[in-house]
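Novice: Mind looking over this structure? Questions follow.
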Amino acid sequence: MKLLILQEKLKKGLNIIERISGKSISLPILSNVLIETKKNFLRLSSTDLEIGINWWGLVKTEKDGSTTIPINLLSNFLKLLPNKQIIIEKKDNFLNFECDNLNTQIKSNSPEDFPIIPEVSREEFIELDITPFCEGLEKVVDIASISQTKPEISGIYFNIQKDAIRATATDSFRLAEKTFLPKEINLDIQTQNKKIVFILPQKTTREIINIFKELGGRVKIYFSPNQILIENQMEETNHPQIQIVSRLIEGEYPSYEEIIPKKHQTQIIINKNEFLNQLKIAALFTGKINEIKLNIDAKKGVLEIFSQSPDLGEHHAQINSRIKGENMEISFNYKFLIDGLQNIKSPEVVFELKKEDEPALLKAADDPNYLYVVMPIMASGK
């Protein structure tokens, strides 16, 4: 194997794949990067056995071949090189790097020991604009919770239909759902199924956001019963540029639709930033369970926020709001309310409450396609 490539280009490709490289005492090859050249294409691959990432770049190749070397060593080495052409050549059991006045050899390993990244059927897929898709996923990805007893809630639940894609996440105490309309993401569905559902691991969803959000453009998402493939293409050719292959979480996602409140007794329309700032101040004076108390006075149009800590003191604030319905006193974990508010971009939010021990609904005043459900502290087992 022998190729010529600029340091900046090689570093860029390595930055994309290195985050998911595995660390396993029983399988040390997972800490390596697979380097492969074929017909003026360089492919870099990494995997942790649950996610696999391939990156391709156009290079000048003099001899095709493949090998693996430690990914952290290569990454740290590249950061110290100038942005000049690097000649990379495999010689016996070493990968040789020549750049400027430097000549370095890194011990390599057999590519046959590197795990195979699974192939995914290309019969059914959807195509969409990736940037708005990633922006929507950011609103739900952190809500999922790693659980050994309920592995289903460790991922993001996708429900794909002709009229919309819904991405949902929950940790049993709160739930977030983002609905993508076809026009929002320029959706093209190429499948015979009327509905496609699957649970994507939280880690994979984060990698999709980290890798594709800033790149923009179009991606295709291919499905198989146990795996998913997300792929974009190089601008100058129809060849793939980046592929993420991930396992799917097995199991049946909870029937969450019945948790989303359909009715309310009290509705509050409130300035988001003022509400958020007051919650952050109240958070400074909470105890171990992060409790803040809300007192809603519908007649006066006032939302009162109260928090107290035996060791630190107490905080009390009032926010003028547009309130319809009944007076209510209710307590929440301030972190859950803040998380929901931070994912809403609207200047005003709608906060709907039914009872002191039932789920509350938080949504944007001008966007019906994102909703956030949060359980009061009493209902979560205080």
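Residues in the structure tokens are named by chain (A, B, ... in the order shown) and by number from 1 within that chain; ligands are numbered from 1 in the order shown.
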Taking the DSSP assignment computed from this structure's backbone, write out as a VMD selection string all residues of segment 6-60 of chain A that belong to strand (DSSP E or B).

Specialist: chain A and resid 6 32 to 38 41 to 47 51 to 58 60

Novice: Using DSSP on the backbone coordinates, identify all residues within segment 60-170 of chain A classified as alpha helix (DSSP H); present the result as a VMD selection string.

Specialist: chain A and resid 71 to 79 130 to 137

Novice: Considering only C-alpha atoms, can you say which of A:Leu102, A:Ile185, A:Leu353, A:Ile116 comes closest to Gly217 of chain A?

Specialist: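 Nearest candidate to Gly217 of chain A out of A:Leu102, A:Ile185, A:Leu353, A:Ile116: A:Ile185.
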
Novice: Env of Asp64 of chain A: 8 Å cut, atoms = only C-alpha atoms, seq-sep filter 2 positions within chain, self excluded. Answer as a ChimeraX atom specification.

Specialist: /A:1-2,36-39,61-62,66

Novice: Quick one: everything within 9 Å of segment 150-154 of chain A, counting only C-alpha atoms, minus sequence neighbours fewer than 4 positions away in the same chain. Send it as a ChimeraX atom specification.

Specialist: /A:144-146,169-172,199-202,249-254

Novice: Using only C-alpha atoms, determine which residues lie at most 12 Å from Arg19 of chain A, disregarding the query and same-chain residues fewer than 3 positions distant; provide the list as a PyMOL selection string.

Specialist: chain A and resi 13-16+22-23+30-33+45-48+51-53+71-72+75+203-204+206-208+210-211

Novice: Using only C-alpha atoms, please write the residues we just selected to a file, as a CSV table (one decimal), in the first residue's frame.

Specialist:
chain,number,residue,atom,x,y,z
A,13,GLY,CA,-11.2,12.0,8.0
A,14,LEU,CA,-9.7,10.6,11.2
A,15,ASN,CA,-11.6,13.2,13.3
A,16,ILE,CA,-14.9,11.8,12.0
A,22,GLY,CA,-13.6,0.9,21.1
A,23,LYS,CA,-11.4,0.2,24.1
A,30,LEU,CA,-11.0,-2.1,18.4
A,31,SER,CA,-8.7,0.6,19.3
A,32,ASN,CA,-7.3,0.6,15.8
A,33,VAL,CA,-8.2,2.3,12.6
A,45,SER,CA,-12.9,2.7,9.3
A,46,SER,CA,-13.5,2.3,13.1
A,47,THR,CA,-16.0,0.4,15.1
A,48,ASP,CA,-17.0,-0.5,18.7
A,51,ILE,CA,-21.5,1.4,15.6
A,52,GLY,CA,-19.2,1.4,12.6
A,53,ILE,CA,-18.1,4.5,10.6
A,71,ILE,CA,-6.1,5.3,16.2
A,72,ASN,CA,-5.1,7.5,19.1
A,75,SER,CA,-4.4,11.1,15.7
A,203,LYS,CA,-25.0,7.1,21.0
A,204,THR,CA,-25.6,6.6,17.3
A,206,ARG,CA,-25.4,11.7,18.8
A,207,GLU,CA,-22.9,10.7,16.3
A,208,ILE,CA,-25.3,11.5,13.4
A,210,ASN,CA,-22.0,15.5,15.5
A,211,ILE,CA,-20.9,14.3,12.1

Novice: Considering only C-alpha atoms, can you say which of A:Thr179, A:Gln227, A:Ser121, A:Asn238 comes closest to Asn159 of chain A?

Specialist: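 Going through A:Thr179, A:Gln227, A:Ser121, A:Asn238 one by one, the smallest distance to Asn159 of chain A is for A:Thr179.
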
Novice: Interatomic distance between atom CA of Gly313 of chain A and atom CA of Phe332 of chain A?

Specialist: 18.6 Å

Novice: Write out as a PyMOL selection string the residues lying within 12 Å of Glu235 of chain A, counting only C-alpha atoms and excluding same-chain residues fewer than 2 positions away.

Specialist: chain A and resi 57-58+215-218+232-233+237-242

Novice: For the residues in that selection, give me C-alpha atoms as a PDB file, in the first residue's frame.

Specialist:
ATOM      1  CA  GLY A  57     -11.366  10.529   0.539  1.00  0.00           C
ATOM      2  CA  LEU A  58      -9.917  10.977  -2.922  1.00  0.00           C
ATOM      3  CA  LEU A 215     -21.746  19.108   6.681  1.00  0.00           C
ATOM      4  CA  GLY A 216     -25.291  19.702   5.460  1.00  0.00           C
ATOM      5  CA  GLY A 217     -26.581  18.339   2.174  1.00  0.00           C
ATOM      6  CA  ARG A 218     -28.628  15.196   1.625  1.00  0.00           C
ATOM      7  CA  ASN A 232     -23.910  10.886   2.239  1.00  0.00           C
ATOM      8  CA  GLN A 233     -21.937  11.254  -0.985  1.00  0.00           C
ATOM      9  CA  THR A 237     -18.600  11.942  -7.418  1.00  0.00           C
ATOM     10  CA  ASN A 238     -21.424   9.533  -6.605  1.00  0.00           C
ATOM     11  CA  HIS A 239     -19.098   7.638  -4.286  1.00  0.00           C
ATOM     12  CA  PRO A 240     -20.011   7.526  -0.567  1.00  0.00           C
ATOM     13  CA  GLN A 241     -18.178   9.971   1.664  1.00  0.00           C
ATOM     14  CA  ILE A 242     -19.339   8.977   5.162  1.00  0.00           C
TER      15      ILE A 242
END

Novice: Go ahead and compute the interatomic distance for atom CA of Pro359 of chain A and atom CA of Lys263 of chain A, in Å to one decimal.

Specialist: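 Computing the Euclidean distance for atom CA of Pro359 of chain A and atom CA of Lys263 of chain A yields 10.7 Å.
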
Novice: Contacts of Met375 of chain A at 7 Å or less, counting only C-alpha atoms, minus same-chain residues fewer than 6 places along, as a PyMOL selection string?

Specialist: chain A and resi 173-174+358-360

Novice: Taking only C-alpha atoms into account, name the residue in A:Glu257, A:Glu119, A:Glu50, A:Glu135 that is nearest to Ile209 of chain A.

Specialist: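 The closest residue to Ile209 of chain A is A:Glu135.
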